[in-house]
$ cat start30.cif   # mmCIF, C-alpha atoms
data_query
loop_
_atom_site.group_PDB
_atom_site.id
_atom_site.type_symbol
_atom_site.label_atom_id
_atom_site.label_comp_id
_atom_site.auth_asym_id
_atom_site.auth_seq_id
_atom_site.Cartn_x
_atom_site.Cartn_y
_atom_site.Cartn_z
ATOM 1 C CA MET A 23 66.777 22.629 68.872
ATOM 2 C CA THR A 24 65.444 26.149 69.359
ATOM 3 C CA ALA A 25 66.639 27.142 65.902
ATOM 4 C CA PHE A 26 64.894 24.108 64.460
ATOM 5 C CA PHE A 27 61.462 24.987 65.801
ATOM 6 C CA LYS A 28 61.938 28.648 64.894
ATOM 7 C CA PHE A 29 62.310 27.948 61.219
ATOM 8 C CA VAL A 30 60.302 24.780 60.671
ATOM 9 C CA PRO A 31 56.907 26.510 60.134
ATOM 10 C CA ILE A 32 58.133 27.645 56.720
ATOM 11 C CA ARG A 33 59.134 24.094 55.954
ATOM 12 C CA ILE A 34 55.788 22.718 57.003
ATOM 13 C CA MET A 35 53.854 25.141 54.837
ATOM 14 C CA ILE A 36 55.959 23.842 51.976
ATOM 15 C CA MET A 37 55.019 20.291 52.943
ATOM 16 C CA VAL A 38 51.329 21.193 52.929
ATOM 17 C CA CYS A 39 51.332 21.568 49.149
ATOM 18 C CA LEU A 40 53.028 18.273 48.330
ATOM 19 C CA TYR A 41 53.088 15.985 45.417
ATOM 20 C CA MET A 42 50.400 15.577 42.746
ATOM 21 C CA ALA A 43 49.872 12.878 40.204
ATOM 22 C CA ILE A 44 48.683 11.279 37.021
ATOM 23 C CA SER A 45 46.107 8.554 37.497
ATOM 24 C CA GLN A 46 46.885 4.854 37.244
ATOM 25 C CA GLN A 47 44.702 2.148 35.744
ATOM 26 C CA ASP A 48 43.116 -0.005 38.434
ATOM 27 C CA ILE A 49 44.179 -3.518 37.453
ATOM 28 C CA PHE A 50 42.024 -4.895 40.258
ATOM 29 C CA ALA A 51 38.776 -3.492 38.862
ATOM 30 C CA GLY A 52 35.694 -4.895 40.501
ATOM 31 C CA GLN A 53 37.367 -5.339 43.866
ATOM 32 C CA PRO A 54 36.105 -3.277 46.831
ATOM 33 C CA TYR A 55 39.118 -1.005 47.117
ATOM 34 C CA SER A 56 39.006 2.768 46.956
ATOM 35 C CA PHE A 57 42.629 2.945 45.824
ATOM 36 C CA ALA A 58 44.015 2.096 42.387
ATOM 37 C CA VAL A 59 46.743 -0.501 42.026
ATOM 38 C CA LYS A 60 49.398 -0.935 39.367
ATOM 39 C CA LYS A 61 51.151 -4.304 39.506
ATOM 40 C CA GLU A 62 54.574 -5.056 38.041
ATOM 41 C CA GLY A 63 57.211 -7.745 38.371
ATOM 42 C CA HIS A 64 57.414 -11.101 40.093
ATOM 43 C CA GLY A 65 58.635 -12.413 43.423
ATOM 44 C CA LYS A 66 58.025 -11.389 47.013
ATOM 45 C CA PRO A 67 55.394 -8.637 47.375
ATOM 46 C CA VAL A 68 56.270 -4.992 47.962
ATOM 47 C CA ILE A 69 53.567 -2.321 48.306
ATOM 48 C CA PHE A 70 54.426 1.316 47.501
ATOM 49 C CA ILE A 71 52.398 4.221 48.934
ATOM 50 C CA HIS A 72 52.797 7.871 47.912
ATOM 51 C CA GLY A 73 52.543 11.084 49.906
ATOM 52 C CA LEU A 74 50.142 14.027 50.030
ATOM 53 C CA TYR A 75 48.920 15.252 46.614
ATOM 54 C CA SER A 76 50.925 12.480 44.908
ATOM 55 C CA SER A 77 50.233 9.287 43.030
ATOM 56 C CA GLY A 78 52.039 6.004 42.888
ATOM 57 C CA ALA A 79 53.916 7.335 39.865
ATOM 58 C CA VAL A 80 56.492 8.952 42.169
ATOM 59 C CA TRP A 81 57.812 5.406 42.735
ATOM 60 C CA ASP A 82 58.230 4.464 39.066
ATOM 61 C CA GLU A 83 62.029 4.745 39.010
ATOM 62 C CA ILE A 84 62.386 2.722 42.188
ATOM 63 C CA ILE A 85 59.951 0.068 41.006
ATOM 64 C CA ALA A 86 61.938 -0.278 37.768
ATOM 65 C CA HIS A 87 64.751 -1.611 39.965
ATOM 66 C CA TYR A 88 62.660 -3.920 42.147
ATOM 67 C CA ARG A 89 60.297 -5.447 39.595
ATOM 68 C CA ASN A 90 62.933 -7.966 38.476
ATOM 69 C CA ASN A 91 62.946 -9.672 41.877
ATOM 70 C CA TYR A 92 59.747 -8.508 43.570
ATOM 71 C CA THR A 93 56.066 -8.191 42.744
ATOM 72 C CA CYS A 94 55.483 -4.453 43.102
ATOM 73 C CA TYR A 95 52.068 -3.004 43.905
ATOM 74 C CA GLU A 96 51.954 0.744 43.267
ATOM 75 C CA LEU A 97 48.971 2.336 45.027
ATOM 76 C CA THR A 98 47.203 5.593 44.220
ATOM 77 C CA LEU A 99 44.934 6.567 47.096
ATOM 78 C CA PRO A 100 41.311 7.783 46.768
ATOM 79 C CA GLY A 101 41.050 11.480 45.997
ATOM 80 C CA PHE A 102 44.617 11.603 44.702
ATOM 81 C CA ALA A 103 45.627 12.152 41.082
ATOM 82 C CA GLY A 104 42.253 11.541 39.522
ATOM 83 C CA GLN A 105 41.347 8.552 41.660
ATOM 84 C CA PRO A 106 37.725 9.090 42.821
ATOM 85 C CA PRO A 107 37.441 10.435 46.388
ATOM 86 C CA ILE A 108 35.580 8.723 49.198
ATOM 87 C CA GLN A 109 33.554 10.054 52.096
ATOM 88 C CA SER A 110 34.841 8.925 55.480
ATOM 89 C CA ASP A 111 35.388 10.311 58.958
ATOM 90 C CA SER A 112 38.908 8.897 58.649
ATOM 91 C CA ILE A 113 40.122 8.422 55.100
ATOM 92 C CA LEU A 114 43.496 7.090 56.238
ATOM 93 C CA GLN A 115 42.010 4.496 58.572
ATOM 94 C CA THR A 116 39.596 3.414 55.848
ATOM 95 C CA VAL A 117 42.517 2.954 53.456
ATOM 96 C CA ALA A 118 44.440 0.954 56.073
ATOM 97 C CA HIS A 119 41.503 -1.407 56.554
ATOM 98 C CA GLU A 120 41.073 -1.773 52.794
ATOM 99 C CA LEU A 121 44.782 -2.490 52.413
ATOM 100 C CA ALA A 122 44.455 -5.335 54.890
ATOM 101 C CA GLY A 123 41.615 -6.707 52.780
ATOM 102 C CA PHE A 124 43.684 -6.329 49.630
ATOM 103 C CA ILE A 125 46.587 -8.253 51.163
ATOM 104 C CA ARG A 126 44.321 -11.046 52.366
ATOM 105 C CA ASP A 127 42.266 -11.229 49.163
ATOM 106 C CA ASN A 128 45.419 -11.558 47.064
ATOM 107 C CA LYS A 129 47.142 -13.884 49.541
ATOM 108 C CA LEU A 130 50.215 -11.692 49.852
ATOM 109 C CA ASP A 131 52.616 -13.257 52.345
ATOM 110 C CA LYS A 132 54.248 -10.710 54.660
ATOM 111 C CA PRO A 133 54.541 -7.886 52.099
ATOM 112 C CA VAL A 134 57.065 -5.108 52.533
ATOM 113 C CA ILE A 135 55.284 -1.749 52.702
ATOM 114 C CA ILE A 136 57.217 1.324 51.532
ATOM 115 C CA GLY A 137 55.655 4.757 51.983
ATOM 116 C CA HIS A 138 56.753 8.320 51.350
ATOM 117 C CA SER A 139 55.884 11.070 53.848
ATOM 118 C CA LEU A 140 52.122 10.640 54.359
ATOM 119 C CA GLY A 141 52.580 7.158 52.899
ATOM 120 C CA GLY A 142 55.244 6.446 55.508
ATOM 121 C CA TRP A 143 52.821 7.459 58.253
ATOM 122 C CA LEU A 144 50.170 5.228 56.697
ATOM 123 C CA ALA A 145 52.626 2.313 56.657
ATOM 124 C CA LEU A 146 53.184 2.817 60.385
ATOM 125 C CA GLN A 147 49.453 3.016 61.057
ATOM 126 C CA PHE A 148 48.961 -0.194 59.115
ATOM 127 C CA GLY A 149 51.649 -1.930 61.165
ATOM 128 C CA ILE A 150 49.870 -0.811 64.342
ATOM 129 C CA LEU A 151 46.411 -1.946 63.248
ATOM 130 C CA TYR A 152 47.554 -5.185 61.614
ATOM 131 C CA PRO A 153 50.854 -6.204 63.220
ATOM 132 C CA ASN A 154 50.714 -9.729 61.794
ATOM 133 C CA LEU A 155 50.352 -8.741 58.140
ATOM 134 C CA PRO A 156 53.475 -6.783 57.044
ATOM 135 C CA GLY A 157 56.919 -8.357 56.806
ATOM 136 C CA LYS A 158 58.845 -5.075 56.967
ATOM 137 C CA LEU A 159 58.031 -1.351 56.857
ATOM 138 C CA VAL A 160 59.968 1.458 55.166
ATOM 139 C CA SER A 161 59.084 5.069 55.982
ATOM 140 C CA VAL A 162 60.694 7.579 53.610
ATOM 141 C CA SER A 163 60.656 11.083 55.132
ATOM 142 C CA GLY A 164 57.746 10.028 57.325
ATOM 143 C CA VAL A 165 57.256 10.318 61.099
ATOM 144 C CA PRO A 166 54.631 9.144 63.619
ATOM 145 C CA PHE A 167 53.474 12.699 64.458
ATOM 146 C CA LEU A 168 54.140 15.494 61.989
ATOM 147 C CA PRO A 169 53.291 18.550 64.184
ATOM 148 C CA VAL A 170 56.386 17.908 66.304
ATOM 149 C CA PHE A 171 58.406 19.422 63.470
ATOM 150 C CA TRP A 172 56.968 22.869 64.066
ATOM 151 C CA MET A 173 55.436 22.707 67.556
ATOM 152 C CA GLY A 174 58.156 20.809 69.396
ATOM 153 C CA PRO A 175 58.184 17.441 71.201
ATOM 154 C CA LYS A 176 55.443 18.477 73.657
ATOM 155 C CA ALA A 177 52.915 18.835 70.844
ATOM 156 C CA THR A 178 49.762 16.758 71.173
ATOM 157 C CA ALA A 179 46.856 15.981 68.889
ATOM 158 C CA ASP A 180 44.738 18.436 70.891
ATOM 159 C CA SER A 181 47.261 21.258 70.761
ATOM 160 C CA ALA A 182 47.728 20.753 67.022
ATOM 161 C CA ARG A 183 44.004 20.604 66.245
ATOM 162 C CA PRO A 184 43.337 24.369 65.725
ATOM 163 C CA MET A 185 46.243 24.654 63.313
ATOM 164 C CA ALA A 186 45.216 21.443 61.569
ATOM 165 C CA LEU A 187 41.667 22.736 61.134
ATOM 166 C CA GLY A 188 42.952 25.937 59.559
ATOM 167 C CA MET A 189 45.115 23.956 57.140
ATOM 168 C CA LYS A 190 42.172 21.729 56.255
ATOM 169 C CA GLN A 191 39.951 24.704 55.491
ATOM 170 C CA MET A 192 42.618 26.363 53.367
ATOM 171 C CA MET A 193 43.580 23.264 51.403
ATOM 172 C CA SER A 194 40.005 22.134 50.810
ATOM 173 C CA THR A 195 39.093 25.273 48.866
ATOM 174 C CA LEU A 196 42.040 25.439 46.475
ATOM 175 C CA THR A 197 41.290 25.254 42.764
ATOM 176 C CA PRO A 198 43.496 23.142 40.500
ATOM 177 C CA GLU A 199 45.146 26.281 39.167
ATOM 178 C CA GLN A 200 45.849 27.579 42.680
ATOM 179 C CA VAL A 201 47.416 24.253 43.598
ATOM 180 C CA ARG A 202 49.532 24.336 40.456
ATOM 181 C CA LYS A 203 50.791 27.842 41.232
ATOM 182 C CA GLN A 204 51.709 26.824 44.762
ATOM 183 C CA GLN A 205 53.842 23.986 43.505
ATOM 184 C CA ILE A 206 55.989 26.315 41.444
ATOM 185 C CA THR A 207 57.292 28.020 44.579
ATOM 186 C CA THR A 208 57.144 25.191 47.101
ATOM 187 C CA LEU A 209 58.632 22.246 45.256
ATOM 188 C CA ALA A 210 62.037 23.883 44.884
ATOM 189 C CA SER A 211 62.530 23.140 48.577
ATOM 190 C CA MET A 212 61.428 19.533 48.130
ATOM 191 C CA ILE A 213 62.957 18.356 44.855
ATOM 192 C CA THR A 214 66.365 19.272 43.429
ATOM 193 C CA ASP A 215 66.034 18.496 39.721
ATOM 194 C CA SER A 216 63.833 20.833 37.660
ATOM 195 C CA ILE A 217 62.587 17.999 35.456
ATOM 196 C CA ASN A 218 61.246 16.144 38.461
ATOM 197 C CA ILE A 219 59.725 19.359 39.787
ATOM 198 C CA GLN A 220 57.822 19.705 36.524
ATOM 199 C CA LYS A 221 56.650 16.116 36.806
ATOM 200 C CA VAL A 222 55.124 16.810 40.174
ATOM 201 C CA ILE A 223 53.646 20.135 39.101
ATOM 202 C CA SER A 224 51.926 18.360 36.224
ATOM 203 C CA MET A 225 50.369 15.985 38.746
ATOM 204 C CA ALA A 226 48.833 18.776 40.804
ATOM 205 C CA ALA A 227 45.560 19.630 39.121
ATOM 206 C CA SER A 228 44.048 16.144 39.235
ATOM 207 C CA SER A 229 43.963 15.692 43.029
ATOM 208 C CA ASP A 230 40.773 16.357 44.980
ATOM 209 C CA SER A 231 41.266 19.385 47.238
ATOM 210 C CA PRO A 232 38.765 18.410 49.979
ATOM 211 C CA THR A 233 40.503 15.044 50.237
ATOM 212 C CA GLN A 234 43.909 16.697 50.617
ATOM 213 C CA GLY A 235 42.561 18.960 53.361
ATOM 214 C CA GLN A 236 40.905 16.107 55.228
ATOM 215 C CA VAL A 237 43.951 13.854 54.999
ATOM 216 C CA MET A 238 46.263 16.622 56.210
ATOM 217 C CA TYR A 239 43.922 17.202 59.145
ATOM 218 C CA GLU A 240 43.989 13.504 60.017
ATOM 219 C CA LEU A 241 47.754 13.407 59.712
ATOM 220 C CA CYS A 242 48.171 16.358 62.091
ATOM 221 C CA THR A 243 45.719 15.130 64.708
ATOM 222 C CA SER A 244 46.755 11.462 64.841
ATOM 223 C CA ASP A 245 49.744 10.802 67.094
ATOM 224 C CA LEU A 246 51.365 7.399 66.603
ATOM 225 C CA ARG A 247 54.447 7.992 68.778
ATOM 226 C CA GLN A 248 53.319 5.668 71.563
ATOM 227 C CA GLU A 249 51.303 3.254 69.432
ATOM 228 C CA ILE A 250 54.245 2.243 67.244
ATOM 229 C CA ARG A 251 55.302 -0.075 70.064
ATOM 230 C CA LYS A 252 52.597 -2.391 68.683
ATOM 231 C CA ILE A 253 54.488 -2.833 65.421
ATOM 232 C CA GLN A 254 56.160 -6.243 65.395
ATOM 233 C CA CYS A 255 58.182 -6.146 62.189
ATOM 234 C CA PRO A 256 61.474 -4.339 61.430
ATOM 235 C CA ILE A 257 61.242 -0.673 60.400
ATOM 236 C CA LEU A 258 63.584 1.323 58.165
ATOM 237 C CA VAL A 259 63.331 5.120 58.253
ATOM 238 C CA LEU A 260 65.020 7.161 55.524
ATOM 239 C CA ALA A 261 65.313 10.803 56.540
ATOM 240 C CA ASP A 262 66.047 13.910 54.477
ATOM 241 C CA TRP A 263 67.849 17.025 55.671
ATOM 242 C CA ALA A 264 69.023 19.209 52.771
ATOM 243 C CA GLY A 265 65.711 21.065 52.503
ATOM 244 C CA PHE A 266 66.140 22.345 56.062
ATOM 245 C CA LYS A 267 69.587 23.885 55.555
ATOM 246 C CA ASP A 268 68.369 27.173 54.084
ATOM 247 C CA TYR A 269 66.442 27.809 57.280
ATOM 248 C CA GLY A 270 69.438 27.405 59.565
ATOM 249 C CA VAL A 271 68.425 23.987 60.878
ATOM 250 C CA THR A 272 71.243 21.589 61.743
ATOM 251 C CA ARG A 273 71.572 17.971 60.767
ATOM 252 C CA GLU A 274 71.728 17.019 64.425
ATOM 253 C CA ALA A 275 68.402 18.736 65.136
ATOM 254 C CA VAL A 276 66.611 16.937 62.314
ATOM 255 C CA LEU A 277 68.119 13.581 63.218
ATOM 256 C CA GLY A 278 67.191 14.143 66.846
ATOM 257 C CA ILE A 279 63.540 14.631 65.930
ATOM 258 C CA TYR A 280 63.488 11.372 63.989
ATOM 259 C CA GLN A 281 65.165 9.499 66.820
ATOM 260 C CA GLN A 282 62.730 10.864 69.406
ATOM 261 C CA GLN A 283 59.707 9.985 67.302
ATOM 262 C CA TYR A 284 60.704 6.343 66.921
ATOM 263 C CA GLN A 285 61.814 5.701 70.509
ATOM 264 C CA GLN A 286 58.950 3.302 71.181
ATOM 265 C CA ALA A 287 59.957 1.061 68.271
ATOM 266 C CA PRO A 288 63.503 -0.073 69.097
ATOM 267 C CA GLN A 289 63.618 -2.305 66.016
ATOM 268 C CA THR A 290 63.802 0.872 63.889
ATOM 269 C CA VAL A 291 66.878 1.674 61.794
ATOM 270 C CA ILE A 292 67.244 5.346 60.827
ATOM 271 C CA ALA A 293 69.450 6.490 57.935
ATOM 272 C CA MET A 294 69.790 10.137 56.932
ATOM 273 C CA ASN A 295 70.797 11.422 53.527
ATOM 274 C CA ASP A 296 72.793 14.653 53.683
ATOM 275 C CA VAL A 297 72.080 15.920 50.156
ATOM 276 C CA SER A 298 68.501 14.892 49.409
ATOM 277 C CA LYS A 299 65.438 17.044 49.851
ATOM 278 C CA HIS A 300 62.011 15.669 50.756
ATOM 279 C CA PHE A 301 61.519 13.490 47.666
ATOM 280 C CA ILE A 302 64.387 11.093 48.278
ATOM 281 C CA MET A 303 63.164 8.757 45.544
ATOM 282 C CA TYR A 304 63.754 11.590 43.053
ATOM 283 C CA ASP A 305 66.840 13.254 44.542
ATOM 284 C CA GLN A 306 68.821 10.200 45.655
ATOM 285 C CA PRO A 307 67.285 7.070 44.104
ATOM 286 C CA LYS A 308 70.526 5.053 44.143
ATOM 287 C CA TRP A 309 71.069 5.795 47.837
ATOM 288 C CA LEU A 310 67.461 4.887 48.629
ATOM 289 C CA ILE A 311 67.788 1.600 46.756
ATOM 290 C CA GLU A 312 71.051 0.789 48.541
ATOM 291 C CA GLN A 313 69.456 1.389 51.934
ATOM 292 C CA VAL A 314 66.356 -0.633 51.126
ATOM 293 C CA ASP A 315 68.374 -3.467 49.557
ATOM 294 C CA THR A 316 70.461 -3.779 52.713
ATOM 295 C CA PHE A 317 67.344 -3.700 54.862
ATOM 296 C CA LEU A 318 65.537 -6.351 52.819
ATOM 297 C CA ALA A 319 68.572 -8.636 52.897
ATOM 298 C CA ARG A 320 68.605 -8.778 56.718
#

$ encode --input "start30.cif" --output "structure tokens"
Amino acid sequence: MTAFFKFVPIRIMIMVCLYMAISQQDIFAGQPYSFAVKKEGHGKPVIFIHGLYSSGAVWDEIIAHYRNNYTCYELTLPGFAGQPPIQSDSILQTVAHELAGFIRDNKLDKPVIIGHSLGGWLALQFGILYPNLPGKLVSVSGVPFLPVFWMGPKATADSARPMALGMKQMMSTLTPEQVRKQQITTLASMITDSINIQKVISMAASSDSPTQGQVMYELCTSDLRQEIRKIQCPILVLADWAGFKDYGVTREAVLGIYQQQYQQAPQTVIAMNDVSKHFIMYDQPKWLIEQVDTFLAR
């Protein structure tokens, strides 16, 4: 575990500059939601949430599989990929409350919520705040408290706050061109295929930098490790490991962190992919679909 915490800071700085996006048309125009929604398919509802600097477009390949049997709702959050930003003391909590309204307004019965990284954290937060609404939760490369990855299991929201404030200040001032340049060097540790790296790089310039800084700050100062006991539905966690290898981090160390973070939610199933980097939906889409299919069939 010592080796893990020694090298993870590099990894986390890579994660800071995540995933940008092209904007999506809001098919629910006129509704009081700050996020955009793209709807496809028919059947039971599944809601897809992206990660930091991303848009819902990162889920397109996965949704192409599920739209034949599920109604898929692909969200793009406010301040991401051209979606107008909002002003809030807690953007993520505001989005969670709006998502509850969206589910109720559209009479979605026990939707499955699938989130990547930041989106996985948001799915957990939603399950905590509204335990009766989701049917199942899927967190892809997402954990209840991110700072544990570089500060160790004794990290707290208070101990992480100075670092989180520095990250917020740095991220909030980046120009679109600076963000784009960062992606060129950072995404190689997060996505394997160069075509998909270019997709994400092309997403970069349209995200709102102050929003990214604020959301990262919220993510690093909001600890859900104990609160996830409030979640009532089953949880699937899909973990990545390959991006850690170059820093001398073992599979066992990464898996151990995931297991520790989800201890308070015993209904959680954790599966780790040994070849995928952070964007599992890009690196290992067939594996992701297999895991989710099995989970949904239970």

$ closest_residue --input "start30.cif" --among "A:Ile257, A:Ser216, A:Gly174, A:Glu199" --to "Asp305 (chain A)" --atoms "all atoms listed in the file"
A:Ser216

$ resolve_selection --input "start30.cif" --expression "the PyMOL selection byres ((chain A and resi 100-115) around 10)" --output "PyMOL selection string"
chain A and resi 41-48+55-58+72-79+97-99+116-121+140-141+143-144+147-148+151+225-234+236-241

$ atom_distance --input "start30.cif" --atom1 "CA of Pro307 (chain A)" --atom2 "CA of Val162 (chain A)"
11.6 Å

$ atom_distance --input "start30.cif" --atom1 "CA of Lys299 (chain A)" --atom2 "CA of Val80 (chain A)"
14.3 Å

$ atom_distance --input "start30.cif" --atom1 "CA of Val134 (chain A)" --atom2 "CA of Leu159 (chain A)"
5.8 Å

$ resolve_selection --input "start30.cif" --expression "the PyMOL selection byres ((chain A and resi 279-288) around 7)" --output "list in words"
Val165, Pro166, Arg247, Gln248, Ile250, Arg251, Ala275, Val276, Leu277, Gly278, Gln289 and Thr290 of chain A

$ closest_residue --input "start30.cif" --among "A:Gln313, A:Gly164, A:Met192, A:Leu246" --to "Phe301 (chain A)" --atoms "only C-alpha atoms"
A:Gly164

$ closest_residue --input "start30.cif" --among "A:Asp215, A:Glu274, A:Asp245, A:Glu62" --to "Met294 (chain A)" --atoms "only C-alpha atoms"
A:Glu274

$ closest_residue --input "start30.cif" --among "A:Val170, A:Ile136, A:Leu155, A:Ala145" --to "Gln254 (chain A)" --atoms "all atoms listed in the file"
A:Leu155

$ axis_aligned_box --input "start30.cif" --around "region 302-319 of chain A" --padding-each-side "6 Å" --output "AutoDock Vina command-line options"
--center_x 67.1 --center_y 2.3 --center_z 49.0 --size_x 19.9 --size_y 33.9 --size_z 23.8

$ closest_residue --input "start30.cif" --among "A:Asn91, A:Thr272, A:Ser163, A:Ser224" --to "Met212 (chain A)" --atoms "only C-alpha atoms"
A:Ser163

$ closest_residue --input "start30.cif" --among "A:Leu146, A:Val297, A:Ala319, A:Met189" --to "Thr214 (chain A)" --atoms "only C-alpha atoms"
A:Val297

$ residues_near_point --input "start30.cif" --point "(46.9, 17.5, 66.7)" --cutoff "9 Å" --atoms "all atoms listed in the file" --output "list in words"
Phe167, Leu168, Pro169, Ala177, Thr178, Ala179, Asp180, Ser181, Ala182, Arg183, Pro184, Met185, Ala186, Tyr239, Glu240, Leu241, Cys242, Thr243, Ser244 and Asp245 of chain A

$ decode --input "start30.cif" --residues "region 163-179 of chain A" --atoms "N, CA, C and O atoms" --output "PDB file, in the first residue's frame"
ATOM      1  N   SER A 163     -15.311   3.298 -12.444  1.00  0.00           N
ATOM      2  CA  SER A 163     -14.111   4.013 -12.015  1.00  0.00           C
ATOM      3  C   SER A 163     -14.451   5.170 -11.075  1.00  0.00           C
ATOM      4  O   SER A 163     -13.808   6.216 -11.101  1.00  0.00           O
ATOM      5  N   GLY A 164     -15.453   4.968 -10.237  1.00  0.00           N
ATOM      6  CA  GLY A 164     -15.857   5.992  -9.291  1.00  0.00           C
ATOM      7  C   GLY A 164     -15.849   5.460  -7.867  1.00  0.00           C
ATOM      8  O   GLY A 164     -16.156   4.287  -7.629  1.00  0.00           O
ATOM      9  N   VAL A 165     -15.489   6.318  -6.909  1.00  0.00           N
ATOM     10  CA  VAL A 165     -15.403   5.924  -5.502  1.00  0.00           C
ATOM     11  C   VAL A 165     -16.107   6.962  -4.629  1.00  0.00           C
ATOM     12  O   VAL A 165     -16.298   8.103  -5.046  1.00  0.00           O
ATOM     13  N   PRO A 166     -16.457   6.606  -3.395  1.00  0.00           N
ATOM     14  CA  PRO A 166     -17.139   7.545  -2.505  1.00  0.00           C
ATOM     15  C   PRO A 166     -16.292   8.730  -2.063  1.00  0.00           C
ATOM     16  O   PRO A 166     -16.832   9.782  -1.745  1.00  0.00           O
ATOM     17  N   PHE A 167     -14.955   8.570  -2.030  1.00  0.00           N
ATOM     18  CA  PHE A 167     -14.100   9.684  -1.575  1.00  0.00           C
ATOM     19  C   PHE A 167     -12.773   9.616  -2.304  1.00  0.00           C
ATOM     20  O   PHE A 167     -11.864   8.872  -1.942  1.00  0.00           O
ATOM     21  N   LEU A 168     -12.630  10.449  -3.322  1.00  0.00           N
ATOM     22  CA  LEU A 168     -11.478  10.420  -4.208  1.00  0.00           C
ATOM     23  C   LEU A 168     -10.132  10.656  -3.523  1.00  0.00           C
ATOM     24  O   LEU A 168      -9.143   9.994  -3.851  1.00  0.00           O
ATOM     25  N   PRO A 169     -10.008  11.598  -2.566  1.00  0.00           N
ATOM     26  CA  PRO A 169      -8.683  11.882  -1.987  1.00  0.00           C
ATOM     27  C   PRO A 169      -7.982  10.695  -1.344  1.00  0.00           C
ATOM     28  O   PRO A 169      -6.763  10.724  -1.169  1.00  0.00           O
ATOM     29  N   VAL A 170      -8.715   9.640  -1.017  1.00  0.00           N
ATOM     30  CA  VAL A 170      -8.079   8.448  -0.457  1.00  0.00           C
ATOM     31  C   VAL A 170      -7.008   7.909  -1.399  1.00  0.00           C
ATOM     32  O   VAL A 170      -5.999   7.358  -0.954  1.00  0.00           O
ATOM     33  N   PHE A 171      -7.193   8.100  -2.685  1.00  0.00           N
ATOM     34  CA  PHE A 171      -6.250   7.555  -3.661  1.00  0.00           C
ATOM     35  C   PHE A 171      -4.861   8.171  -3.551  1.00  0.00           C
ATOM     36  O   PHE A 171      -3.884   7.563  -3.962  1.00  0.00           O
ATOM     37  N   TRP A 172      -4.765   9.385  -3.045  1.00  0.00           N
ATOM     38  CA  TRP A 172      -3.426   9.958  -2.914  1.00  0.00           C
ATOM     39  C   TRP A 172      -3.068  10.371  -1.487  1.00  0.00           C
ATOM     40  O   TRP A 172      -1.918  10.646  -1.200  1.00  0.00           O
ATOM     41  N   MET A 173      -4.042  10.362  -0.581  1.00  0.00           N
ATOM     42  CA  MET A 173      -3.765  10.749   0.803  1.00  0.00           C
ATOM     43  C   MET A 173      -3.852   9.576   1.773  1.00  0.00           C
ATOM     44  O   MET A 173      -3.477   9.709   2.931  1.00  0.00           O
ATOM     45  N   GLY A 174      -4.367   8.451   1.307  1.00  0.00           N
ATOM     46  CA  GLY A 174      -4.490   7.285   2.165  1.00  0.00           C
ATOM     47  C   GLY A 174      -5.844   7.195   2.835  1.00  0.00           C
ATOM     48  O   GLY A 174      -6.644   8.135   2.798  1.00  0.00           O
ATOM     49  N   PRO A 175      -6.146   6.067   3.476  1.00  0.00           N
ATOM     50  CA  PRO A 175      -7.484   5.821   4.034  1.00  0.00           C
ATOM     51  C   PRO A 175      -7.860   6.735   5.193  1.00  0.00           C
ATOM     52  O   PRO A 175      -9.033   6.833   5.544  1.00  0.00           O
ATOM     53  N   LYS A 176      -6.881   7.410   5.808  1.00  0.00           N
ATOM     54  CA  LYS A 176      -7.186   8.309   6.922  1.00  0.00           C
ATOM     55  C   LYS A 176      -7.549   9.716   6.447  1.00  0.00           C
ATOM     56  O   LYS A 176      -7.812  10.599   7.266  1.00  0.00           O
ATOM     57  N   ALA A 177      -7.568   9.918   5.156  1.00  0.00           N
ATOM     58  CA  ALA A 177      -7.934  11.233   4.616  1.00  0.00           C
ATOM     59  C   ALA A 177      -9.349  11.598   5.023  1.00  0.00           C
ATOM     60  O   ALA A 177     -10.238  10.744   5.120  1.00  0.00           O
ATOM     61  N   THR A 178      -9.568  12.866   5.271  1.00  0.00           N
ATOM     62  CA  THR A 178     -10.891  13.397   5.586  1.00  0.00           C
ATOM     63  C   THR A 178     -11.183  14.585   4.678  1.00  0.00           C
ATOM     64  O   THR A 178     -10.280  15.108   4.009  1.00  0.00           O
ATOM     65  N   ALA A 179     -12.426  15.025   4.683  1.00  0.00           N
ATOM     66  CA  ALA A 179     -12.782  16.200   3.903  1.00  0.00           C
ATOM     67  C   ALA A 179     -11.973  17.414   4.356  1.00  0.00           C
ATOM     68  O   ALA A 179     -11.523  18.218   3.535  1.00  0.00           O
TER      69      ALA A 179
END
